[in-house]
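Engineer: My structure file start_27.cif, mmCIF, N, CA and C atoms, is below:
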data_my_file
#
loop_
_atom_site.label_atom_id
_atom_site.label_comp_id
_atom_site.auth_asym_id
_atom_site.auth_seq_id
_atom_site.Cartn_x
_atom_site.Cartn_y
_atom_site.Cartn_z
N GLN A 1 -3.37 -52.48 30.57
CA GLN A 1 -4.78 -52.53 30.16
C GLN A 1 -5.35 -53.88 30.56
N VAL A 2 -6.49 -53.83 31.26
CA VAL A 2 -7.13 -55.06 31.71
C VAL A 2 -8.01 -55.62 30.60
N GLU A 3 -7.94 -56.90 30.41
CA GLU A 3 -8.82 -57.60 29.48
C GLU A 3 -9.48 -58.75 30.20
N LEU A 4 -10.71 -59.05 29.81
CA LEU A 4 -11.48 -60.12 30.42
C LEU A 4 -11.86 -61.16 29.38
N LEU A 5 -11.85 -62.41 29.81
CA LEU A 5 -12.26 -63.50 28.94
C LEU A 5 -13.25 -64.35 29.71
N GLU A 6 -14.48 -64.44 29.20
CA GLU A 6 -15.52 -65.19 29.86
C GLU A 6 -15.67 -66.58 29.27
N SER A 7 -16.16 -67.49 30.08
CA SER A 7 -16.50 -68.82 29.61
C SER A 7 -17.65 -69.36 30.45
N GLY A 8 -18.28 -70.41 29.95
CA GLY A 8 -19.43 -70.99 30.62
C GLY A 8 -20.71 -70.54 29.95
N GLY A 9 -21.82 -70.80 30.59
CA GLY A 9 -23.12 -70.45 30.02
C GLY A 9 -23.64 -71.54 29.11
N GLY A 10 -24.64 -71.19 28.32
CA GLY A 10 -25.24 -72.15 27.40
C GLY A 10 -26.71 -72.37 27.73
N LEU A 11 -27.20 -73.51 27.29
CA LEU A 11 -28.61 -73.87 27.46
C LEU A 11 -28.74 -74.82 28.65
N VAL A 12 -29.64 -74.51 29.56
CA VAL A 12 -29.84 -75.35 30.73
C VAL A 12 -31.34 -75.43 31.02
N GLN A 13 -31.77 -76.54 31.56
CA GLN A 13 -33.18 -76.70 31.91
C GLN A 13 -33.49 -75.99 33.23
N ALA A 14 -34.73 -75.59 33.37
CA ALA A 14 -35.17 -74.97 34.61
C ALA A 14 -34.87 -75.89 35.79
N GLY A 15 -34.37 -75.29 36.85
CA GLY A 15 -33.98 -76.07 38.01
C GLY A 15 -32.52 -76.50 38.00
N GLY A 16 -31.88 -76.32 36.87
CA GLY A 16 -30.49 -76.72 36.73
C GLY A 16 -29.55 -75.63 37.21
N PHE A 17 -28.27 -75.83 36.93
CA PHE A 17 -27.28 -74.87 37.36
C PHE A 17 -26.29 -74.61 36.22
N VAL A 18 -25.58 -73.51 36.37
CA VAL A 18 -24.54 -73.17 35.41
C VAL A 18 -23.45 -72.43 36.15
N ARG A 19 -22.22 -72.57 35.68
CA ARG A 19 -21.09 -71.88 36.28
C ARG A 19 -20.41 -71.03 35.21
N LEU A 20 -20.30 -69.75 35.52
CA LEU A 20 -19.60 -68.84 34.63
C LEU A 20 -18.21 -68.54 35.20
N SER A 21 -17.26 -68.39 34.30
CA SER A 21 -15.91 -68.05 34.70
C SER A 21 -15.47 -66.78 33.99
N CYS A 22 -14.60 -66.03 34.64
CA CYS A 22 -14.09 -64.80 34.05
C CYS A 22 -12.62 -64.69 34.40
N ALA A 23 -11.79 -64.68 33.39
CA ALA A 23 -10.34 -64.54 33.59
C ALA A 23 -9.94 -63.11 33.28
N ALA A 24 -9.20 -62.52 34.19
CA ALA A 24 -8.75 -61.13 34.01
C ALA A 24 -7.26 -61.12 33.73
N PHE A 25 -6.85 -60.32 32.76
CA PHE A 25 -5.46 -60.20 32.38
C PHE A 25 -5.04 -58.74 32.49
N GLY A 26 -3.86 -58.53 33.06
CA GLY A 26 -3.33 -57.17 33.12
C GLY A 26 -3.74 -56.37 34.34
N ILE A 27 -4.22 -57.06 35.39
CA ILE A 27 -4.62 -56.33 36.60
C ILE A 27 -3.39 -55.78 37.30
N ARG A 28 -3.45 -54.50 37.67
CA ARG A 28 -2.38 -53.85 38.41
C ARG A 28 -2.82 -53.43 39.80
N SER A 29 -4.14 -53.28 39.98
CA SER A 29 -4.69 -52.75 41.22
C SER A 29 -4.73 -53.82 42.30
N ASN A 30 -4.42 -53.41 43.55
CA ASN A 30 -4.52 -54.34 44.68
C ASN A 30 -5.92 -54.41 45.25
N PHE A 31 -6.76 -53.43 44.90
CA PHE A 31 -8.14 -53.45 45.35
C PHE A 31 -9.03 -53.21 44.14
N ASN A 32 -9.91 -54.15 43.88
CA ASN A 32 -10.80 -54.00 42.74
C ASN A 32 -12.02 -54.90 42.93
N HIS A 33 -12.96 -54.73 42.06
CA HIS A 33 -14.17 -55.54 42.07
C HIS A 33 -14.25 -56.33 40.77
N MET A 34 -14.81 -57.51 40.87
CA MET A 34 -15.17 -58.30 39.70
C MET A 34 -16.58 -58.83 39.91
N GLY A 35 -17.29 -59.01 38.83
CA GLY A 35 -18.65 -59.52 38.97
C GLY A 35 -19.32 -59.66 37.63
N TRP A 36 -20.63 -59.77 37.70
CA TRP A 36 -21.43 -59.93 36.48
C TRP A 36 -22.65 -59.03 36.50
N TYR A 37 -22.94 -58.49 35.35
CA TYR A 37 -24.23 -57.90 35.04
C TYR A 37 -24.91 -58.86 34.07
N ARG A 38 -26.19 -58.70 33.92
CA ARG A 38 -26.91 -59.44 32.90
C ARG A 38 -27.92 -58.54 32.22
N GLN A 39 -28.22 -58.90 30.99
CA GLN A 39 -29.21 -58.14 30.22
C GLN A 39 -30.09 -59.09 29.46
N ALA A 40 -31.36 -59.10 29.82
CA ALA A 40 -32.34 -59.89 29.10
C ALA A 40 -32.89 -59.07 27.94
N THR A 41 -33.44 -59.76 26.97
CA THR A 41 -33.98 -59.08 25.80
C THR A 41 -35.07 -58.09 26.22
N GLY A 42 -34.91 -56.85 25.77
CA GLY A 42 -35.90 -55.83 26.07
C GLY A 42 -35.82 -55.24 27.45
N LYS A 43 -34.80 -55.62 28.22
CA LYS A 43 -34.66 -55.11 29.58
C LYS A 43 -33.33 -54.40 29.75
N GLU A 44 -33.24 -53.62 30.81
CA GLU A 44 -32.00 -52.92 31.10
C GLU A 44 -30.99 -53.88 31.73
N ARG A 45 -29.72 -53.52 31.59
CA ARG A 45 -28.68 -54.33 32.22
C ARG A 45 -28.78 -54.17 33.73
N GLU A 46 -28.67 -55.29 34.45
CA GLU A 46 -28.77 -55.24 35.90
C GLU A 46 -27.59 -55.97 36.54
N LEU A 47 -27.19 -55.49 37.70
CA LEU A 47 -26.12 -56.13 38.44
C LEU A 47 -26.61 -57.47 38.99
N VAL A 48 -25.81 -58.50 38.81
CA VAL A 48 -26.14 -59.83 39.33
C VAL A 48 -25.38 -60.09 40.62
N ALA A 49 -24.08 -59.95 40.56
CA ALA A 49 -23.25 -60.22 41.73
C ALA A 49 -21.91 -59.53 41.56
N VAL A 50 -21.29 -59.18 42.70
CA VAL A 50 -20.00 -58.52 42.67
C VAL A 50 -19.20 -58.99 43.88
N ILE A 51 -17.89 -59.07 43.70
CA ILE A 51 -17.00 -59.46 44.78
C ILE A 51 -15.75 -58.60 44.70
N ASP A 52 -15.25 -58.17 45.88
CA ASP A 52 -14.02 -57.39 45.84
C ASP A 52 -12.83 -58.28 46.22
N THR A 53 -11.65 -57.70 46.23
CA THR A 53 -10.45 -58.49 46.48
C THR A 53 -10.40 -59.02 47.91
N ALA A 54 -11.17 -58.42 48.81
CA ALA A 54 -11.22 -58.90 50.19
C ALA A 54 -12.25 -60.01 50.36
N GLY A 55 -13.00 -60.30 49.31
CA GLY A 55 -14.00 -61.36 49.38
C GLY A 55 -15.39 -60.88 49.78
N ASN A 56 -15.59 -59.58 49.90
CA ASN A 56 -16.91 -59.06 50.20
C ASN A 56 -17.79 -59.19 48.97
N THR A 57 -19.04 -59.62 49.19
CA THR A 57 -19.92 -59.90 48.06
C THR A 57 -21.22 -59.12 48.18
N ASN A 58 -21.86 -58.96 47.03
CA ASN A 58 -23.18 -58.35 46.98
C ASN A 58 -23.93 -58.99 45.82
N TYR A 59 -25.22 -59.23 46.01
CA TYR A 59 -26.03 -59.92 45.01
C TYR A 59 -27.30 -59.14 44.70
N THR A 60 -27.80 -59.35 43.49
CA THR A 60 -29.11 -58.82 43.18
C THR A 60 -30.16 -59.50 44.02
N GLN A 61 -31.21 -58.79 44.33
CA GLN A 61 -32.25 -59.37 45.18
C GLN A 61 -32.88 -60.60 44.53
N SER A 62 -32.97 -60.60 43.22
CA SER A 62 -33.59 -61.71 42.52
C SER A 62 -32.75 -62.99 42.60
N ALA A 63 -31.50 -62.88 43.04
CA ALA A 63 -30.68 -64.09 43.19
C ALA A 63 -31.25 -64.99 44.27
N GLY A 64 -31.83 -64.38 45.31
CA GLY A 64 -32.54 -65.15 46.33
C GLY A 64 -31.76 -66.28 46.95
N GLY A 65 -30.45 -66.11 47.11
CA GLY A 65 -29.66 -67.16 47.72
C GLY A 65 -29.28 -68.27 46.76
N ARG A 66 -29.64 -68.13 45.48
CA ARG A 66 -29.37 -69.19 44.51
C ARG A 66 -27.99 -69.05 43.86
N PHE A 67 -27.42 -67.86 43.94
CA PHE A 67 -26.17 -67.57 43.23
C PHE A 67 -25.02 -67.45 44.24
N ALA A 68 -23.84 -67.83 43.78
CA ALA A 68 -22.65 -67.69 44.61
C ALA A 68 -21.50 -67.20 43.74
N ILE A 69 -20.89 -66.12 44.17
CA ILE A 69 -19.74 -65.58 43.43
C ILE A 69 -18.49 -65.81 44.26
N SER A 70 -17.40 -66.11 43.58
CA SER A 70 -16.13 -66.32 44.26
C SER A 70 -15.02 -65.84 43.33
N ARG A 71 -13.82 -65.74 43.90
CA ARG A 71 -12.70 -65.34 43.06
C ARG A 71 -11.41 -65.93 43.59
N ASP A 72 -10.50 -66.09 42.69
CA ASP A 72 -9.17 -66.57 43.02
C ASP A 72 -8.22 -65.44 42.65
N ASN A 73 -7.80 -64.69 43.64
CA ASN A 73 -6.97 -63.52 43.35
C ASN A 73 -5.63 -63.90 42.73
N ALA A 74 -5.09 -65.04 43.15
CA ALA A 74 -3.80 -65.45 42.61
C ALA A 74 -3.90 -65.72 41.11
N LYS A 75 -5.03 -66.26 40.70
CA LYS A 75 -5.23 -66.57 39.28
C LYS A 75 -6.05 -65.49 38.58
N THR A 76 -6.39 -64.43 39.31
CA THR A 76 -7.23 -63.35 38.79
C THR A 76 -8.42 -63.90 38.03
N MET A 77 -9.11 -64.83 38.69
CA MET A 77 -10.31 -65.43 38.13
C MET A 77 -11.49 -65.13 39.04
N ALA A 78 -12.66 -65.00 38.43
CA ALA A 78 -13.90 -64.90 39.18
C ALA A 78 -14.86 -65.96 38.65
N TYR A 79 -15.72 -66.44 39.55
CA TYR A 79 -16.66 -67.49 39.18
C TYR A 79 -18.05 -67.12 39.70
N LEU A 80 -19.05 -67.45 38.92
CA LEU A 80 -20.43 -67.26 39.34
C LEU A 80 -21.17 -68.57 39.13
N THR A 81 -21.61 -69.16 40.23
CA THR A 81 -22.39 -70.39 40.17
C THR A 81 -23.85 -70.03 40.42
N MET A 82 -24.68 -70.41 39.48
CA MET A 82 -26.11 -70.09 39.58
C MET A 82 -26.90 -71.39 39.65
N ASN A 83 -27.65 -71.56 40.72
CA ASN A 83 -28.44 -72.76 40.95
C ASN A 83 -29.93 -72.47 40.83
N ALA A 84 -30.70 -73.53 40.73
CA ALA A 84 -32.16 -73.41 40.68
C ALA A 84 -32.60 -72.37 39.66
N LEU A 85 -32.05 -72.48 38.48
CA LEU A 85 -32.32 -71.49 37.44
C LEU A 85 -33.76 -71.55 36.96
N THR A 86 -34.28 -70.39 36.61
CA THR A 86 -35.62 -70.28 36.04
C THR A 86 -35.51 -69.56 34.69
N PRO A 87 -36.55 -69.64 33.88
CA PRO A 87 -36.51 -68.92 32.60
C PRO A 87 -36.26 -67.42 32.77
N ASP A 88 -36.61 -66.86 33.92
CA ASP A 88 -36.35 -65.43 34.16
C ASP A 88 -34.86 -65.12 34.26
N ASP A 89 -34.04 -66.13 34.42
CA ASP A 89 -32.59 -65.92 34.48
C ASP A 89 -31.96 -65.90 33.09
N THR A 90 -32.76 -66.14 32.07
CA THR A 90 -32.25 -66.10 30.70
C THR A 90 -31.78 -64.69 30.35
N ALA A 91 -30.54 -64.59 29.93
CA ALA A 91 -29.96 -63.28 29.62
C ALA A 91 -28.55 -63.48 29.08
N VAL A 92 -27.99 -62.39 28.60
CA VAL A 92 -26.56 -62.36 28.33
C VAL A 92 -25.88 -61.85 29.59
N TYR A 93 -24.89 -62.60 30.05
CA TYR A 93 -24.20 -62.27 31.28
C TYR A 93 -22.82 -61.67 30.93
N TYR A 94 -22.57 -60.51 31.49
CA TYR A 94 -21.34 -59.78 31.20
C TYR A 94 -20.47 -59.71 32.45
N CYS A 95 -19.29 -60.25 32.36
CA CYS A 95 -18.32 -60.09 33.43
C CYS A 95 -17.79 -58.66 33.40
N PHE A 96 -17.48 -58.12 34.57
CA PHE A 96 -16.87 -56.80 34.60
C PHE A 96 -15.77 -56.74 35.65
N TYR A 97 -14.88 -55.80 35.41
CA TYR A 97 -13.80 -55.49 36.35
C TYR A 97 -13.87 -54.00 36.64
N HIS A 98 -13.76 -53.67 37.92
CA HIS A 98 -13.85 -52.27 38.32
C HIS A 98 -12.71 -51.93 39.28
N ASP A 99 -11.94 -50.93 38.88
CA ASP A 99 -10.88 -50.39 39.74
C ASP A 99 -11.35 -49.03 40.21
N PRO A 100 -11.82 -48.93 41.45
CA PRO A 100 -12.39 -47.66 41.90
C PRO A 100 -11.37 -46.53 42.01
N LEU A 101 -10.11 -46.89 42.28
CA LEU A 101 -9.09 -45.84 42.44
C LEU A 101 -8.68 -45.27 41.08
N GLY A 102 -8.63 -46.13 40.10
CA GLY A 102 -8.25 -45.68 38.77
C GLY A 102 -9.43 -45.34 37.88
N SER A 103 -10.64 -45.47 38.46
CA SER A 103 -11.87 -45.20 37.70
C SER A 103 -11.89 -45.98 36.40
N VAL A 104 -11.56 -47.24 36.49
CA VAL A 104 -11.52 -48.11 35.31
C VAL A 104 -12.63 -49.13 35.40
N ILE A 105 -13.38 -49.28 34.34
CA ILE A 105 -14.36 -50.35 34.22
C ILE A 105 -14.11 -51.06 32.89
N VAL A 106 -13.98 -52.36 32.97
CA VAL A 106 -13.74 -53.17 31.77
C VAL A 106 -14.81 -54.25 31.71
N TRP A 107 -15.30 -54.52 30.51
CA TRP A 107 -16.37 -55.50 30.30
C TRP A 107 -15.86 -56.70 29.52
N GLY A 108 -16.40 -57.86 29.86
CA GLY A 108 -16.15 -59.05 29.08
C GLY A 108 -17.03 -59.04 27.84
N GLN A 109 -16.87 -60.08 27.01
CA GLN A 109 -17.58 -60.13 25.74
C GLN A 109 -19.03 -60.55 25.90
N GLY A 110 -19.38 -61.07 27.06
CA GLY A 110 -20.75 -61.53 27.30
C GLY A 110 -20.91 -62.99 26.93
N THR A 111 -21.73 -63.68 27.70
CA THR A 111 -22.02 -65.08 27.42
C THR A 111 -23.52 -65.32 27.63
N GLN A 112 -24.12 -66.05 26.72
CA GLN A 112 -25.56 -66.28 26.78
C GLN A 112 -25.88 -67.42 27.73
N VAL A 113 -26.84 -67.19 28.61
CA VAL A 113 -27.41 -68.25 29.44
C VAL A 113 -28.89 -68.32 29.10
N THR A 114 -29.33 -69.47 28.64
CA THR A 114 -30.72 -69.68 28.29
C THR A 114 -31.28 -70.80 29.13
N VAL A 115 -32.36 -70.50 29.85
CA VAL A 115 -32.99 -71.48 30.74
C VAL A 115 -34.31 -71.89 30.11
N SER A 116 -34.44 -73.15 29.78
CA SER A 116 -35.66 -73.65 29.16
C SER A 116 -36.62 -74.16 30.23
N SER A 117 -37.90 -73.97 30.00
CA SER A 117 -38.91 -74.40 30.98
C SER A 117 -39.34 -75.83 30.73
#
What would you get if you wrote out this structure as structure tokens?

Structural biologist:
Amino acid sequence: QVELLESGGGLVQAGGFVRLSCAAFGIRSNFNHMGWYRQATGKERELVAVIDTAGNTNYTQSAGGRFAISRDNAKTMAYLTMNALTPDDTAVYYCFYHDPLGSVIVWGQGTQVTVSS
């Protein structure tokens, strides 16, 4: 059973940056995805960024080149660095793990990112 533990986030001023980390435990799959969704108050959860074990990435359009996702497969860690933050980036960020072959999706506990103007 895969479990995720998130860290990072907090309060940051507009224009600043934050780095989120996600540690995965119990991974058995050789091919999987890790990434983040976010959910702002009153809005639907949206995909922020995703990376697979080969290093292929995909970002939400609103990231606009400001976000970078990476992973360390040996340590089963994923990282999301978000730069040039705006108040619109304020949300709870949820790390996820997806094993497409096993049809498994696991969510982290979520971490709050608040961007002050």

Engineer: Determine, counting only C-alpha atoms, which protein, DNA and RNA residues have an atom within 12 Å of an atom of Leu101 in chain A; residues of the same chain fewer than 3 positions away are not included. Present the result as a ChimeraX atom specification.

Structural biologist: /A:28-33,98,104-105

Engineer: Just the selected residues (N, CA and C atoms), exported as a PDB file, keeping the file's coordinate frame, please.

Structural biologist:
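Output file result.pdb follows:
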ATOM      1  N   ARG A  28      -3.450 -54.500  37.670  1.00  0.00           N
ATOM      2  CA  ARG A  28      -2.380 -53.850  38.410  1.00  0.00           C
ATOM      3  C   ARG A  28      -2.820 -53.430  39.800  1.00  0.00           C
ATOM      4  N   SER A  29      -4.140 -53.280  39.980  1.00  0.00           N
ATOM      5  CA  SER A  29      -4.690 -52.750  41.220  1.00  0.00           C
ATOM      6  C   SER A  29      -4.730 -53.820  42.300  1.00  0.00           C
ATOM      7  N   ASN A  30      -4.420 -53.410  43.550  1.00  0.00           N
ATOM      8  CA  ASN A  30      -4.520 -54.340  44.680  1.00  0.00           C
ATOM      9  C   ASN A  30      -5.920 -54.410  45.250  1.00  0.00           C
ATOM     10  N   PHE A  31      -6.760 -53.430  44.900  1.00  0.00           N
ATOM     11  CA  PHE A  31      -8.140 -53.450  45.350  1.00  0.00           C
ATOM     12  C   PHE A  31      -9.030 -53.210  44.140  1.00  0.00           C
ATOM     13  N   ASN A  32      -9.910 -54.150  43.880  1.00  0.00           N
ATOM     14  CA  ASN A  32     -10.800 -54.000  42.740  1.00  0.00           C
ATOM     15  C   ASN A  32     -12.020 -54.900  42.930  1.00  0.00           C
ATOM     16  N   HIS A  33     -12.960 -54.730  42.060  1.00  0.00           N
ATOM     17  CA  HIS A  33     -14.170 -55.540  42.070  1.00  0.00           C
ATOM     18  C   HIS A  33     -14.250 -56.330  40.770  1.00  0.00           C
ATOM     19  N   HIS A  98     -13.760 -53.670  37.920  1.00  0.00           N
ATOM     20  CA  HIS A  98     -13.850 -52.270  38.320  1.00  0.00           C
ATOM     21  C   HIS A  98     -12.710 -51.930  39.280  1.00  0.00           C
ATOM     22  N   VAL A 104     -11.560 -47.240  36.490  1.00  0.00           N
ATOM     23  CA  VAL A 104     -11.520 -48.110  35.310  1.00  0.00           C
ATOM     24  C   VAL A 104     -12.630 -49.130  35.400  1.00  0.00           C
ATOM     25  N   ILE A 105     -13.380 -49.280  34.340  1.00  0.00           N
ATOM     26  CA  ILE A 105     -14.360 -50.350  34.220  1.00  0.00           C
ATOM     27  C   ILE A 105     -14.110 -51.060  32.890  1.00  0.00           C
TER      28      ILE A 105
END

Engineer: Go through the shown structure with the PyMOL selection byres ((chain A and resi 17-24) around 6.5) and write out the matching residues as a list in words.

Structural biologist: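 That selection, the PyMOL selection byres ((chain A and resi 17-24) around 6.5), comes back as Val2, Glu3, Leu4, Leu5, Glu6, Ser7, Gly8, Gly9, Val12, Gln13, Gly15, Gly16, Phe25, Gly26, Ile27, Lys75, Thr76, Met77, Ala78, Tyr79, Leu80, Thr81, Met82, Asn83, Ala84, Leu85 and Cys95 of chain A.
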
Engineer: Applied to the shown file, which residues does the PyMOL selection byres ((chain A and resi 34-43) around 6) return, written as a PyMOL selection string?

Structural biologist: chain A and resi 32-33+44-52+90-98

Engineer: Could you tell me, as a ChimeraX atom specification, exactly which residues end up selected when the PyMOL selection byres ((chain A and resi 116) around 6) is applied to this structure?

Structural biologist: /A:12-14,87,114-115,117

Engineer: Draw an axis-aligned box tight on the listed atoms of range 86-104 of chain A, then pad every side by 8 Å and write out centre and edge lengths in Å to one decimal as AutoDock Vina command-line options.

Structural biologist:
--center_x -22.4 --center_y -57.8 --center_z 35.4 --size_x 44.4 --size_y 41.2 --size_z 30.1

Engineer: Any idea what the distance is between CA of Asp89 in chain A and CA of Ser62 in chain A?

Structural biologist: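 Calculated distance between CA of Asp89 in chain A and CA of Ser62 in chain A is 9.1 Å.
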
Engineer: If DSSP is run on the backbone, what residues of range 18-100 of chain A are strand (DSSP E or B)? A reply as a CSV table (one decimal) with N, CA and C atoms, keeping the file's coordinate frame would be ideal.

Structural biologist:
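Below you can see out00.csv, which holds the result:
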chain,number,residue,atom,x,y,z
A,18,VAL,N,-25.6,-73.5,36.4
A,18,VAL,CA,-24.5,-73.2,35.4
A,18,VAL,C,-23.4,-72.4,36.2
A,19,ARG,N,-22.2,-72.6,35.7
A,19,ARG,CA,-21.1,-71.9,36.3
A,19,ARG,C,-20.4,-71.0,35.2
A,20,LEU,N,-20.3,-69.8,35.5
A,20,LEU,CA,-19.6,-68.8,34.6
A,20,LEU,C,-18.2,-68.5,35.2
A,21,SER,N,-17.3,-68.4,34.3
A,21,SER,CA,-15.9,-68.0,34.7
A,21,SER,C,-15.5,-66.8,34.0
A,22,CYS,N,-14.6,-66.0,34.6
A,22,CYS,CA,-14.1,-64.8,34.0
A,22,CYS,C,-12.6,-64.7,34.4
A,23,ALA,N,-11.8,-64.7,33.4
A,23,ALA,CA,-10.3,-64.5,33.6
A,23,ALA,C,-9.9,-63.1,33.3
A,24,ALA,N,-9.2,-62.5,34.2
A,24,ALA,CA,-8.8,-61.1,34.0
A,24,ALA,C,-7.3,-61.1,33.7
A,25,PHE,N,-6.8,-60.3,32.8
A,25,PHE,CA,-5.5,-60.2,32.4
A,25,PHE,C,-5.0,-58.7,32.5
A,33,HIS,N,-13.0,-54.7,42.1
A,33,HIS,CA,-14.2,-55.5,42.1
A,33,HIS,C,-14.2,-56.3,40.8
A,34,MET,N,-14.8,-57.5,40.9
A,34,MET,CA,-15.2,-58.3,39.7
A,34,MET,C,-16.6,-58.8,39.9
A,35,GLY,N,-17.3,-59.0,38.8
A,35,GLY,CA,-18.6,-59.5,39.0
A,35,GLY,C,-19.3,-59.7,37.6
A,36,TRP,N,-20.6,-59.8,37.7
A,36,TRP,CA,-21.4,-59.9,36.5
A,36,TRP,C,-22.6,-59.0,36.5
A,37,TYR,N,-22.9,-58.5,35.4
A,37,TYR,CA,-24.2,-57.9,35.0
A,37,TYR,C,-24.9,-58.9,34.1
A,38,ARG,N,-26.2,-58.7,33.9
A,38,ARG,CA,-26.9,-59.4,32.9
A,38,ARG,C,-27.9,-58.5,32.2
A,39,GLN,N,-28.2,-58.9,31.0
A,39,GLN,CA,-29.2,-58.1,30.2
A,39,GLN,C,-30.1,-59.1,29.5
A,46,GLU,N,-28.7,-55.3,34.4
A,46,GLU,CA,-28.8,-55.2,35.9
A,46,GLU,C,-27.6,-56.0,36.5
A,47,LEU,N,-27.2,-55.5,37.7
A,47,LEU,CA,-26.1,-56.1,38.4
A,47,LEU,C,-26.6,-57.5,39.0
A,48,VAL,N,-25.8,-58.5,38.8
A,48,VAL,CA,-26.1,-59.8,39.3
A,48,VAL,C,-25.4,-60.1,40.6
A,49,ALA,N,-24.1,-60.0,40.6
A,49,ALA,CA,-23.2,-60.2,41.7
A,49,ALA,C,-21.9,-59.5,41.6
A,50,VAL,N,-21.3,-59.2,42.7
A,50,VAL,CA,-20.0,-58.5,42.7
A,50,VAL,C,-19.2,-59.0,43.9
A,51,ILE,N,-17.9,-59.1,43.7
A,51,ILE,CA,-17.0,-59.5,44.8
A,51,ILE,C,-15.8,-58.6,44.7
A,52,ASP,N,-15.2,-58.2,45.9
A,52,ASP,CA,-14.0,-57.4,45.8
A,52,ASP,C,-12.8,-58.3,46.2
A,57,THR,N,-19.0,-59.6,49.2
A,57,THR,CA,-19.9,-59.9,48.1
A,57,THR,C,-21.2,-59.1,48.2
A,58,ASN,N,-21.9,-59.0,47.0
A,58,ASN,CA,-23.2,-58.4,47.0
A,58,ASN,C,-23.9,-59.0,45.8
A,59,TYR,N,-25.2,-59.2,46.0
A,59,TYR,CA,-26.0,-59.9,45.0
A,59,TYR,C,-27.3,-59.1,44.7
A,67,PHE,N,-27.4,-67.9,43.9
A,67,PHE,CA,-26.2,-67.6,43.2
A,67,PHE,C,-25.0,-67.4,44.2
A,68,ALA,N,-23.8,-67.8,43.8
A,68,ALA,CA,-22.6,-67.7,44.6
A,68,ALA,C,-21.5,-67.2,43.7
A,69,ILE,N,-20.9,-66.1,44.2
A,69,ILE,CA,-19.7,-65.6,43.4
A,69,ILE,C,-18.5,-65.8,44.3
A,70,SER,N,-17.4,-66.1,43.6
A,70,SER,CA,-16.1,-66.3,44.3
A,70,SER,C,-15.0,-65.8,43.3
A,71,ARG,N,-13.8,-65.7,43.9
A,71,ARG,CA,-12.7,-65.3,43.1
A,71,ARG,C,-11.4,-65.9,43.6
A,72,ASP,N,-10.5,-66.1,42.7
A,72,ASP,CA,-9.2,-66.6,43.0
A,72,ASP,C,-8.2,-65.4,42.6
A,77,MET,N,-9.1,-64.8,38.7
A,77,MET,CA,-10.3,-65.4,38.1
A,77,MET,C,-11.5,-65.1,39.0
A,78,ALA,N,-12.7,-65.0,38.4
A,78,ALA,CA,-13.9,-64.9,39.2
A,78,ALA,C,-14.9,-66.0,38.6
A,79,TYR,N,-15.7,-66.4,39.6
A,79,TYR,CA,-16.7,-67.5,39.2
A,79,TYR,C,-18.0,-67.1,39.7
A,80,LEU,N,-19.0,-67.4,38.9
A,80,LEU,CA,-20.4,-67.3,39.3
A,80,LEU,C,-21.2,-68.6,39.1
A,81,THR,N,-21.6,-69.2,40.2
A,81,THR,CA,-22.4,-70.4,40.2
A,81,THR,C,-23.8,-70.0,40.4
A,82,MET,N,-24.7,-70.4,39.5
A,82,MET,CA,-26.1,-70.1,39.6
A,82,MET,C,-26.9,-71.4,39.6
A,91,ALA,N,-30.5,-64.6,29.9
A,91,ALA,CA,-30.0,-63.3,29.6
A,91,ALA,C,-28.6,-63.5,29.1
A,92,VAL,N,-28.0,-62.4,28.6
A,92,VAL,CA,-26.6,-62.4,28.3
A,92,VAL,C,-25.9,-61.8,29.6
A,93,TYR,N,-24.9,-62.6,30.0
A,93,TYR,CA,-24.2,-62.3,31.3
A,93,TYR,C,-22.8,-61.7,30.9
A,94,TYR,N,-22.6,-60.5,31.5
A,94,TYR,CA,-21.3,-59.8,31.2
A,94,TYR,C,-20.5,-59.7,32.4
A,95,CYS,N,-19.3,-60.2,32.4
A,95,CYS,CA,-18.3,-60.1,33.4
A,95,CYS,C,-17.8,-58.7,33.4
A,96,PHE,N,-17.5,-58.1,34.6
A,96,PHE,CA,-16.9,-56.8,34.6
A,96,PHE,C,-15.8,-56.7,35.6
A,97,TYR,N,-14.9,-55.8,35.4
A,97,TYR,CA,-13.8,-55.5,36.4
A,97,TYR,C,-13.9,-54.0,36.6
A,98,HIS,N,-13.8,-53.7,37.9
A,98,HIS,CA,-13.8,-52.3,38.3
A,98,HIS,C,-12.7,-51.9,39.3
A,99,ASP,N,-11.9,-50.9,38.9
A,99,ASP,CA,-10.9,-50.4,39.7
A,99,ASP,C,-11.4,-49.0,40.2

Engineer: What separation in Å, quoted to one decimal, exists between CA of Pro100 in chain A and CA of Asn73 in chain A?

Structural biologist: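 Separating CA of Pro100 in chain A from CA of Asn73 in chain A is a distance of 16.8 Å.
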
Engineer: Provide the atom C of Asn58 in chain A to CA of Asp72 in chain A distance in Å, to one decimal place.

Structural biologist: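 CA of Asp72 in chain A lies at a distance of 16.8 Å from atom C of Asn58 in chain A.
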
Engineer: Check the smallest atom-to-atom distance from each of A:Gly55, A:Gln1, A:Gly110, A:Gly102 to Arg71 in chain A using all atoms listed in the file, then report the winner.

Structural biologist: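 With all atoms listed in the file as the atom set, the closest residue is A:Gly55.
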
Engineer: How would you write, as a list in words, the set of residues in chain A that DSSP gives as helix (DSSP H, G or I)?

Structural biologist: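 Output for chain A, helix (DSSP H, G or I) only: Gln61, Ser62, Ala63, Pro87, Asp88 and Asp89 of chain A.
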
Engineer: Would you save the residues from that selection as a short mmCIF file (atom, residue, chain, number, x, y, z; two decimals), in the coordinates of the input, using N, CA and C atoms?

Structural biologist:
data_model
loop_
_atom_site.label_atom_id
_atom_site.label_comp_id
_atom_site.auth_asym_id
_atom_site.auth_seq_id
_atom_site.Cartn_x
_atom_site.Cartn_y
_atom_site.Cartn_z
N GLN A 61 -31.21 -58.79 44.33
CA GLN A 61 -32.25 -59.37 45.18
C GLN A 61 -32.88 -60.60 44.53
N SER A 62 -32.97 -60.60 43.22
CA SER A 62 -33.59 -61.71 42.52
C SER A 62 -32.75 -62.99 42.60
N ALA A 63 -31.50 -62.88 43.04
CA ALA A 63 -30.68 -64.09 43.19
C ALA A 63 -31.25 -64.99 44.27
N PRO A 87 -36.55 -69.64 33.88
CA PRO A 87 -36.51 -68.92 32.60
C PRO A 87 -36.26 -67.42 32.77
N ASP A 88 -36.61 -66.86 33.92
CA ASP A 88 -36.35 -65.43 34.16
C ASP A 88 -34.86 -65.12 34.26
N ASP A 89 -34.04 -66.13 34.42
CA ASP A 89 -32.59 -65.92 34.48
C ASP A 89 -31.96 -65.90 33.09
#
